[in-house]
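J.: Dropping in input-v5.txt, which is compact mmCIF, C-alpha atoms:
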# COMPACT_ATOMS: atom_id res chain seq x y z
CA MET U 1 86.36 94.71 -32.98
CA SER U 2 88.81 93.20 -30.61
CA PHE U 3 90.03 96.61 -29.54
CA THR U 4 86.51 97.75 -28.84
CA LYS U 5 85.89 94.70 -26.57
CA THR U 6 89.08 95.36 -24.77
CA LYS U 7 88.17 98.96 -24.02
CA LEU U 8 84.75 97.83 -22.97
CA ALA U 9 86.25 95.31 -20.59
CA LEU U 10 88.61 97.88 -19.17
CA GLY U 11 85.79 100.32 -18.70
CA VAL U 12 83.70 97.74 -16.90
CA ALA U 13 86.65 96.91 -14.64
CA ALA U 14 87.29 100.57 -13.87
CA ALA U 15 83.65 101.12 -13.05
CA THR U 16 83.67 98.07 -10.85
CA LEU U 17 86.76 99.29 -8.97
CA THR U 18 85.27 102.74 -8.61
CA MET U 19 82.10 101.33 -7.15
CA ALA U 20 84.10 99.02 -4.82
CA GLY U 21 86.19 101.96 -3.62
CA ALA U 22 83.10 103.99 -3.04
CA MET U 23 81.61 101.21 -0.99
CA VAL U 24 84.83 100.45 1.06
CA ALA U 25 85.56 104.09 2.05
CA PRO U 26 82.42 104.59 4.15
CA GLN U 27 82.99 101.25 5.86
CA ALA U 28 86.57 102.15 6.73
CA GLN U 29 85.50 105.53 8.03
CA ALA U 30 82.78 103.91 10.09
CA ALA U 31 85.34 101.48 11.51
CA ASP U 32 87.67 104.35 12.41
CA ASN U 33 84.85 106.22 14.13
CA LYS U 34 83.91 103.10 16.11
CA ALA U 35 87.49 102.58 17.22
CA GLU U 36 87.69 106.15 18.42
CA ARG U 37 84.47 105.74 20.33
CA VAL U 38 85.74 102.53 21.95
CA ALA U 39 89.02 104.22 22.85
CA ASP U 40 87.18 107.19 24.35
CA ALA U 41 84.92 104.90 26.33
CA ALA U 42 87.91 102.91 27.57
CA ALA U 43 89.67 106.13 28.57
CA ARG U 44 86.59 107.32 30.46
CA LYS U 45 86.29 103.94 32.16
CA ALA U 46 89.96 104.07 33.10
CA GLU U 47 89.53 107.56 34.52
CA ALA U 48 86.44 106.45 36.43
CA LEU U 49 88.27 103.37 37.71
CA GLU U 50 91.23 105.49 38.76
CA ALA U 51 88.90 107.85 40.60
CA GLN U 52 87.24 104.91 42.31
CA MET U 53 90.64 103.51 43.28
CA GLU U 54 91.66 106.84 44.78
CA GLN U 55 88.35 107.00 46.62
CA MET U 56 88.80 103.44 47.88
CA ASN U 57 92.38 104.24 48.96
CA SER U 58 91.14 107.23 50.90
CA MET U 59 88.43 105.12 52.49
CA MET U 60 90.97 102.43 53.37
CA GLN U 61 93.18 105.03 55.06
CA GLN U 62 90.21 106.31 57.02
CA MET U 63 89.26 102.74 57.97
CA GLN U 64 92.83 102.02 59.09
CA ALA U 65 92.88 105.17 61.21
CA GLU U 66 89.54 104.24 62.77
CA LEU U 67 90.74 100.68 63.36
CA SER U 68 93.88 101.97 65.09
CA ARG U 69 91.77 104.23 67.28
CA VAL U 70 89.43 101.38 68.15
CA LYS U 71 92.38 99.11 68.96
CA SER U 72 93.93 101.78 71.16
CA ALA U 73 90.66 102.35 72.98
CA ALA U 74 90.16 98.61 73.36
CA ALA U 75 93.68 98.17 74.76
CA LYS U 76 93.08 101.00 77.20
CA ASP U 77 89.78 99.49 78.24
CA THR U 78 91.46 96.09 78.66
CA THR U 79 94.18 97.60 80.87
CA GLU U 80 91.64 99.42 82.98
CA THR U 81 89.53 96.27 83.20
CA ALA U 82 92.57 94.25 84.31
CA LYS U 83 93.38 96.85 86.96
CA ILE U 84 89.80 96.80 88.19
CA GLN U 85 89.83 93.00 88.34
CA GLU U 86 93.14 93.02 90.21
CA LEU U 87 91.77 95.54 92.69
CA ASP U 88 88.64 93.44 93.17
CA GLN U 89 90.75 90.34 93.80
CA TRP U 90 92.90 92.20 96.33
CA MET U 91 89.84 93.50 98.16
CA ALA U 92 88.36 89.99 98.21
CA SER U 93 91.61 88.56 99.63
CA VAL U 94 91.74 91.26 102.30
CA LYS U 95 88.15 90.57 103.29
CA ALA U 96 88.81 86.82 103.38
CA ALA U 97 92.00 87.15 105.48
CA PRO U 98 91.72 86.47 109.24
CA ALA U 99 91.38 89.49 111.47
CA ALA U 100 94.57 88.64 113.38
CA SER U 101 96.91 87.75 110.55
CA GLY U 102 99.94 89.69 111.80
CA ALA U 103 103.03 88.05 113.22
CA LYS U 104 103.03 87.40 116.97
CA ASP U 105 106.26 88.84 118.38
CA ASN U 106 105.48 89.26 122.08
CA LEU U 107 106.03 86.42 124.51
CA VAL U 108 104.95 85.39 128.00
CA ALA U 109 106.94 82.55 129.55
CA VAL U 110 107.40 80.52 132.72
CA ARG U 111 110.91 79.36 133.51
CA GLY U 112 112.99 77.57 136.09
CA GLY U 113 116.28 75.79 136.71
CA TRP U 114 119.48 75.71 138.72
CA THR U 115 121.25 78.63 140.34
CA ARG U 116 124.49 79.01 142.29
CA LEU U 117 125.77 81.85 144.43
CA ASP U 118 129.38 82.91 144.23
CA GLN U 119 129.44 82.75 148.02
CA SER U 120 127.05 81.29 150.60
CA ARG U 121 125.79 83.18 153.63
CA LYS U 122 127.97 81.14 155.96
CA ALA U 123 131.11 81.73 153.95
CA GLY U 124 130.33 85.43 153.82
CA ALA U 125 130.29 85.63 157.61
CA ASN U 126 134.00 84.87 158.00
CA GLN U 127 135.04 88.39 158.78
CA PRO U 128 136.20 90.30 161.85
CA GLY U 129 133.45 91.41 164.15
CA ALA U 130 131.10 88.47 163.53
CA ILE U 131 129.48 87.04 166.65
CA LEU U 132 130.57 83.54 165.63
CA SER U 133 133.22 83.13 162.99
CA GLY U 134 131.83 81.29 159.99
CA SER U 135 128.19 82.19 160.69
CA ASP U 136 125.74 84.85 159.61
CA LEU U 137 123.72 86.43 162.37
CA LEU U 138 120.35 85.17 161.14
CA SER U 139 121.42 82.07 159.18
CA ASP U 140 124.37 79.73 159.02
CA ASN U 141 123.30 78.21 155.69
CA GLY U 142 126.42 77.11 153.86
CA ASN U 143 124.65 75.90 150.71
CA ALA U 144 125.46 77.99 147.60
CA ASP U 145 123.45 75.82 145.18
CA GLY U 146 119.73 76.19 144.76
CA PHE U 147 116.82 76.24 142.36
CA TYR U 148 114.69 78.98 140.91
CA PHE U 149 111.40 79.45 139.08
CA GLY U 150 109.56 82.47 137.77
CA GLY U 151 108.14 84.13 134.71
CA ALA U 152 108.78 86.89 132.22
CA PHE U 153 107.16 89.06 129.58
CA ASP U 154 109.02 89.84 126.36
CA PHE U 155 107.67 92.96 124.65
CA ASN U 156 108.82 93.35 121.04
CA VAL U 157 109.80 96.88 119.97
CA ASN U 158 111.06 96.38 116.39
CA ASN U 159 112.51 93.73 114.08
CA ASP U 160 115.43 95.60 112.53
CA LEU U 161 117.32 96.82 115.62
CA PHE U 162 116.29 100.43 114.99
CA GLY U 163 117.32 100.14 111.34
CA LEU U 164 120.84 98.93 112.14
CA MET U 165 120.47 95.20 111.39
CA ASP U 166 117.88 93.29 109.36
CA ASP U 167 116.02 90.34 110.89
CA THR U 168 117.19 91.31 114.38
CA SER U 169 114.53 92.10 116.98
CA PHE U 170 114.83 94.44 119.90
CA GLY U 171 112.60 93.96 122.92
CA ILE U 172 112.28 94.51 126.65
CA GLU U 173 112.11 91.62 129.13
CA LEU U 174 110.33 92.12 132.44
CA GLY U 175 110.94 89.13 134.71
CA VAL U 176 110.62 87.92 138.26
CA GLU U 177 112.37 84.90 139.86
CA TYR U 178 112.09 83.14 143.17
CA SER U 179 115.21 81.20 144.25
CA GLU U 180 115.87 78.99 147.26
CA PHE U 181 119.18 77.76 148.72
CA GLY U 182 118.10 75.52 151.59
CA THR U 183 117.73 76.26 155.29
CA GLY U 184 120.02 77.45 158.03
CA THR U 185 119.96 77.79 161.79
CA ASN U 186 119.18 81.23 163.20
CA ASN U 187 122.16 82.24 165.28
CA LEU U 188 120.14 84.90 167.04
CA THR U 189 118.73 82.42 169.58
CA GLY U 190 118.42 82.35 173.34
CA THR U 191 122.07 81.43 173.66
CA TYR U 192 123.16 84.64 171.98
CA ALA U 193 120.53 86.60 173.82
CA GLN U 194 121.79 85.30 177.16
CA ALA U 195 125.38 85.93 176.16
CA LEU U 196 124.55 89.50 175.24
CA THR U 197 121.98 90.40 177.89
CA GLY U 198 122.48 87.81 180.64
CA VAL U 199 118.80 86.87 180.31
CA ALA U 200 117.89 83.44 179.01
CA GLY U 201 115.26 83.33 176.28
CA THR U 202 114.58 82.91 172.62
CA ALA U 203 115.17 85.94 170.44
CA VAL U 204 114.12 84.29 167.16
CA ASN U 205 111.53 81.55 166.85
CA PRO U 206 111.69 79.11 165.14
CA GLY U 207 115.39 78.45 165.29
CA SER U 208 115.85 77.84 161.50
CA SER U 209 114.92 79.77 158.38
CA THR U 210 114.75 79.22 154.62
CA ASP U 211 117.40 81.06 152.68
CA ASN U 212 115.42 82.38 149.71
CA ARG U 213 115.74 85.33 147.35
CA LEU U 214 113.59 87.26 144.89
CA ARG U 215 114.96 88.83 141.72
CA ILE U 216 113.12 91.40 139.58
CA ASN U 217 114.65 92.46 136.29
CA ALA U 218 114.02 94.79 133.37
CA SER U 219 116.44 94.09 130.52
CA PRO U 220 116.92 94.93 126.85
CA LYS U 221 116.81 91.74 124.78
CA ILE U 222 118.21 91.29 121.27
CA LYS U 223 116.86 88.34 119.27
CA PHE U 224 118.45 87.22 116.02
CA MET U 225 117.05 85.41 112.94
CA HIS U 226 113.61 87.03 112.89
CA GLY U 227 111.12 84.85 111.06
CA SER U 228 112.96 81.63 111.92
CA LYS U 229 111.71 78.97 114.34
CA LEU U 230 115.11 78.88 116.06
CA ARG U 231 116.17 82.23 117.52
CA PRO U 232 119.30 82.92 119.59
CA TRP U 233 119.25 85.97 121.86
CA ILE U 234 121.42 87.98 124.24
CA ILE U 235 120.90 90.42 127.08
CA PRO U 236 123.87 92.85 126.91
CA VAL U 237 123.17 94.26 130.37
CA GLY U 238 119.96 94.61 132.34
CA LEU U 239 118.77 96.17 135.58
CA GLU U 240 118.08 93.82 138.50
CA LEU U 241 116.73 94.15 142.04
CA ASN U 242 117.55 91.53 144.71
CA ILE U 243 115.32 90.98 147.74
CA LEU U 244 116.54 88.75 150.59
CA GLY U 245 114.12 86.43 152.36
CA VAL U 246 116.38 86.27 155.42
CA PRO U 247 117.69 89.77 156.24
CA SER U 248 121.40 90.49 156.32
CA ARG U 249 123.34 91.12 159.52
CA ALA U 250 122.38 94.79 159.15
CA VAL U 251 118.74 93.71 158.58
CA SER U 252 118.90 95.02 154.98
CA VAL U 253 116.83 93.14 152.44
CA LEU U 254 117.24 95.00 149.13
CA ASN U 255 120.02 95.84 146.70
CA SER U 256 120.39 96.58 143.00
CA GLY U 257 122.55 94.97 140.40
CA MET U 258 122.87 93.89 136.79
CA GLN U 259 122.39 90.74 134.77
CA PHE U 260 123.99 89.49 131.55
CA GLY U 261 122.75 86.50 129.60
CA GLY U 262 122.09 84.61 126.43
CA GLY U 263 119.96 81.75 125.23
CA LEU U 264 117.94 80.05 122.50
CA GLU U 265 114.26 79.90 121.65
CA TYR U 266 112.54 77.37 119.40
CA GLU U 267 108.93 77.68 118.25
CA LEU U 268 107.67 74.14 118.65
CA PHE U 269 104.11 74.55 117.39
CA ARG U 270 101.89 77.53 116.59
CA GLY U 271 103.25 80.05 119.05
CA ILE U 272 104.40 77.55 121.68
CA VAL U 273 108.07 78.31 122.36
CA LEU U 274 110.67 76.26 124.23
CA GLY U 275 113.75 78.02 125.53
CA SER U 276 116.97 77.70 127.46
CA ASP U 277 119.20 80.38 128.94
CA VAL U 278 122.30 81.10 131.01
CA ARG U 279 122.63 84.29 133.06
CA TYR U 280 125.10 85.91 135.42
CA HIS U 281 123.82 88.18 138.19
CA TYR U 282 126.19 90.85 139.45
CA SER U 283 125.76 93.41 142.20
CA THR U 284 128.03 96.37 142.73
CA SER U 285 128.06 95.62 146.46
CA LYS U 286 126.88 93.00 148.92
CA VAL U 287 123.69 93.57 150.84
CA ASP U 288 125.44 94.53 154.05
CA GLY U 289 127.69 91.51 153.88
CA THR U 290 125.29 89.04 152.19
CA GLU U 291 126.38 87.81 148.75
CA THR U 292 123.87 88.02 145.87
CA ASP U 293 126.13 87.44 142.85
CA GLY U 294 125.88 84.15 140.98
CA PHE U 295 124.92 82.09 137.92
CA SER U 296 121.61 80.66 136.83
CA ALA U 297 120.80 78.23 134.04
CA GLY U 298 117.47 76.74 133.08
CA GLY U 299 114.66 76.31 130.61
CA SER U 300 111.36 77.94 129.77
CA VAL U 301 108.02 77.40 128.06
CA GLY U 302 106.50 80.45 126.42
CA PHE U 303 103.47 81.49 124.44
CA LYS U 304 103.47 84.16 121.75
CA PHE U 305 100.78 86.84 121.67
For this file, produce the structure as structure tokens.
T.:
Amino acid sequence: MSFTKTKLALGVAAATLTMAGAMVAPQAQAADNKAERVADAAARKAEALEAQMEQMNSMMQQMQAELSRVKSAAAKDTTETAKIQELDQWMASVKAAPAASGAKDNLVAVRGGWTRLDQSRKAGANQPGAILSGSDLLSDNGNADGFYFGGAFDFNVNNDLFGLMDDTSFGIELGVEYSEFGTGTNNLTGTYAQALTGVAGTAVNPGSSTDNRLRINASPKIKFMHGSKLRPWIIPVGLELNILGVPSRAVSVLNSGMQFGGGLEYELFRGIVLGSDVRYHYSTSKVDGTETDGFSAGGSVGFKF
């Protein structure tokens, strides 16, 4: 009896296990199928995500290229805009500038001062053959000192001495000077006329005359320190014409010569220039016995134009 119950119990247990196995197997298979489906879905999603990433990377590269192009175009536009603005500003400044904004390098001046002859007319008459020793025929003026006044034009040619020296101006001075050395008695009077002709009378009237001269010059002028208010200058050598107010013993009134000089100019205020100079006047020969060589020193007031 006991054995039969035992077999029965074992049979029931086996049946129960068989039924449990039959029930678990489909569930396990279903779980495996679900896992495969999930894995497949995840793989597809990963592939799709990878494709999207590649697409986004390609789009990013395209966007970067477009951004670079836009930046380049914008930079070019900015440069062109800056150039246009600079050109506009320059044009505006040119329009706003005064019409006469260039430097004034030409000069017109009045001048005057002291002058001295190397030899007076009276001293020059001490030579054999003179009517009266120590006297000129038409004047016995023994004064070698005098005064002068006149004017000049300085015409600027360049400011670099023909490319030889920076800040050094080359110009031409055209000047005229009147000088006076006092008065002298005319020796050609009635006394000389009577002595020569035996007839009393007056050959020259009045009996005295003013010893005056006129100088005309054209000289190259070199000015240093261009652009500065203070400018030294020199005249290496210039052409000069001398005209006598009282004729010489040979009744000549004209001779040619040279002048050398140097001086300073200072621009006091807006083109008003003060100056001083020293010059030596030299003639290759006397005007038929009348001395014209000598020094002059003086000052000037000039105006730039």
J.: Quick check, in Å to one decimal: how far apart do atom CA of Asn186 of chain U and atom CA of Val287 of chain U lie?
T.: 18.0 Å
J.: State, in Å with one decimal place, the distance from atom CA of Asn106 of chain U to atom CA of Tyr282 of chain U.
T.: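 Answer for the atom CA of Asn106 of chain U to atom CA of Tyr282 of chain U separation: 27.1 Å.
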J.: Tell me, as a ChimeraX atom specification, which residues lie within 9 Å of segment 266-277 of chain U, counting all atoms listed in the file; anything in the same chain fewer than 2 positions away does not count.
T.: /U:104,107,109,111,228-232,261-264,279,296-305
J.: Hey, which of U:Lys122, U:Lys221, U:Lys45, U:His281 ends up closest to Asp293 of chain U? Count only C-alpha atoms.
T.: U:His281
J.: I'd like to know which of U:Asp118, U:Phe295, U:Thr81, U:Val94 is closest to Tyr148 of chain U, using all atoms listed in the file.
T.: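 Closest candidate: U:Phe295.
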J.: Can you find the residues with an atom no farther than 12 Å from (119.4, 94.3, 161.3), counting all atoms listed in the file, and report them as a list in words?
T.: Asp136, Leu137, Leu138, Leu188, Val246, Pro247, Ser248, Arg249, Ala250, Val251, Ser252, Val253, Val287, Asp288 and Gly289 of chain U
J.: Taking (122.1, 95.5, 131.3) in the coordinates of the supplied file, I want to know which residues reach to within 8 Å of it, counting only C-alpha atoms; could you give the answer as a PyMOL selection string?
T.: chain U and resi 219-220+235-239+258-260
J.: For each of U:Trp233, U:Phe170, U:Phe181, U:Phe162, take the minimum atom-to-atom distance to Arg116 of chain U, counting only C-alpha atoms, then give the residue where this is smallest.
T.: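 Of U:Trp233, U:Phe170, U:Phe181, U:Phe162, the one nearest Arg116 of chain U is U:Phe181, counting only C-alpha atoms.
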J.: If I take atom CA of Thr284 of chain U and atom CA of Ser256 of chain U, how far is one from the other in Å, to one decimal?
T.: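 It comes out at 7.6 Å.
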J.: Set the distance at 7 Å and use only C-alpha atoms: which residues neighbour Ser208 of chain U once local chain neighbours fewer than 2 positions away are removed? I'd like the list as a ChimeraX atom specification.
T.: /U:183-186,206
J.: I'd like to know which of U:Ser179, U:Asn159, U:Gln85, U:Ser283 is closest to Thr115 of chain U, using only C-alpha atoms.
T.: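 Among the listed residues, U:Ser179 lies closest to Thr115 of chain U.
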J.: Find the axis-aligned box for segment 166-172 of chain U, covering all its listed atoms and adding 5 Å on each side, and write its centre and edge lengths in Å to one decimal as lines of an AutoDock Vina configuration file.
T.:
center_x = 115.1
center_y = 92.4
center_z = 118.0
size_x = 15.6
size_y = 14.2
size_z = 27.3
J.: Taking the partial coordinates given, rebuild segment 36-61 of chain U to contain N, CA, C and O atoms; return it as a short mmCIF file (atom, residue, chain, number, x, y, z; two decimals), in the coordinates of the input.
T.:
data_model
loop_
_atom_site.label_atom_id
_atom_site.label_comp_id
_atom_site.auth_asym_id
_atom_site.auth_seq_id
_atom_site.Cartn_x
_atom_site.Cartn_y
_atom_site.Cartn_z
N GLU U 36 87.51 104.96 17.58
CA GLU U 36 87.69 106.15 18.42
C GLU U 36 86.71 106.16 19.57
O GLU U 36 87.06 106.52 20.70
N ARG U 37 85.46 105.77 19.26
CA ARG U 37 84.47 105.74 20.33
C ARG U 37 84.86 104.72 21.42
O ARG U 37 84.73 104.98 22.62
N VAL U 38 85.33 103.57 20.98
CA VAL U 38 85.74 102.53 21.95
C VAL U 38 86.91 103.03 22.80
O VAL U 38 86.96 102.84 24.01
N ALA U 39 87.87 103.70 22.11
CA ALA U 39 89.02 104.22 22.85
C ALA U 39 88.59 105.28 23.86
O ALA U 39 89.07 105.32 25.00
N ASP U 40 87.66 106.17 23.42
CA ASP U 40 87.18 107.19 24.35
C ASP U 40 86.47 106.56 25.54
O ASP U 40 86.65 106.98 26.69
N ALA U 41 85.65 105.55 25.24
CA ALA U 41 84.92 104.90 26.33
C ALA U 41 85.88 104.23 27.29
O ALA U 41 85.72 104.28 28.53
N ALA U 42 86.92 103.57 26.71
CA ALA U 42 87.91 102.91 27.57
C ALA U 42 88.66 103.94 28.42
O ALA U 42 88.95 103.71 29.61
N ALA U 43 88.98 105.09 27.81
CA ALA U 43 89.67 106.13 28.57
C ALA U 43 88.81 106.64 29.71
O ALA U 43 89.28 106.85 30.83
N ARG U 44 87.50 106.85 29.40
CA ARG U 44 86.59 107.32 30.46
C ARG U 44 86.47 106.28 31.57
O ARG U 44 86.43 106.61 32.76
N LYS U 45 86.39 105.01 31.15
CA LYS U 45 86.29 103.94 32.16
C LYS U 45 87.56 103.89 33.02
O LYS U 45 87.50 103.71 34.24
N ALA U 46 88.70 104.07 32.35
CA ALA U 46 89.96 104.07 33.10
C ALA U 46 90.01 105.22 34.09
O ALA U 46 90.45 105.07 35.24
N GLU U 47 89.55 106.41 33.61
CA GLU U 47 89.53 107.56 34.52
C GLU U 47 88.59 107.30 35.71
O GLU U 47 88.90 107.63 36.85
N ALA U 48 87.40 106.73 35.36
CA ALA U 48 86.44 106.45 36.43
C ALA U 48 87.01 105.42 37.41
O ALA U 48 86.86 105.54 38.63
N LEU U 49 87.68 104.39 36.85
CA LEU U 49 88.27 103.37 37.71
C LEU U 49 89.38 103.95 38.58
O LEU U 49 89.50 103.63 39.77
N GLU U 50 90.18 104.85 37.98
CA GLU U 50 91.23 105.49 38.76
C GLU U 50 90.66 106.34 39.88
O GLU U 50 91.15 106.34 41.01
N ALA U 51 89.55 107.05 39.57
CA ALA U 51 88.90 107.85 40.60
C ALA U 51 88.35 106.96 41.71
O ALA U 51 88.45 107.28 42.91
N GLN U 52 87.76 105.83 41.32
CA GLN U 52 87.24 104.91 42.31
C GLN U 52 88.37 104.33 43.18
O GLN U 52 88.21 104.16 44.39
N MET U 53 89.51 104.03 42.53
CA MET U 53 90.64 103.51 43.28
C MET U 53 91.15 104.53 44.31
O MET U 53 91.45 104.19 45.45
N GLU U 54 91.22 105.79 43.85
CA GLU U 54 91.66 106.84 44.78
C GLU U 54 90.67 106.98 45.93
O GLU U 54 91.06 107.15 47.10
N GLN U 55 89.37 106.91 45.57
CA GLN U 55 88.35 107.00 46.62
C GLN U 55 88.45 105.83 47.59
O GLN U 55 88.35 105.99 48.81
N MET U 56 88.66 104.62 47.04
CA MET U 56 88.80 103.44 47.88
C MET U 56 90.05 103.52 48.75
O MET U 56 90.04 103.13 49.92
N ASN U 57 91.15 104.07 48.19
CA ASN U 57 92.38 104.24 48.96
C ASN U 57 92.16 105.20 50.13
O ASN U 57 92.61 104.97 51.25
N SER U 58 91.44 106.27 49.83
CA SER U 58 91.14 107.23 50.90
C SER U 58 90.27 106.59 51.98
O SER U 58 90.49 106.78 53.18
N MET U 59 89.29 105.80 51.52
CA MET U 59 88.43 105.12 52.49
C MET U 59 89.22 104.11 53.31
O MET U 59 89.01 103.96 54.52
N MET U 60 90.15 103.40 52.65
CA MET U 60 90.97 102.43 53.37
C MET U 60 91.82 103.12 54.44
O MET U 60 91.97 102.62 55.56
N GLN U 61 92.39 104.29 54.08
CA GLN U 61 93.18 105.03 55.06
C GLN U 61 92.32 105.45 56.25
O GLN U 61 92.73 105.36 57.41
#
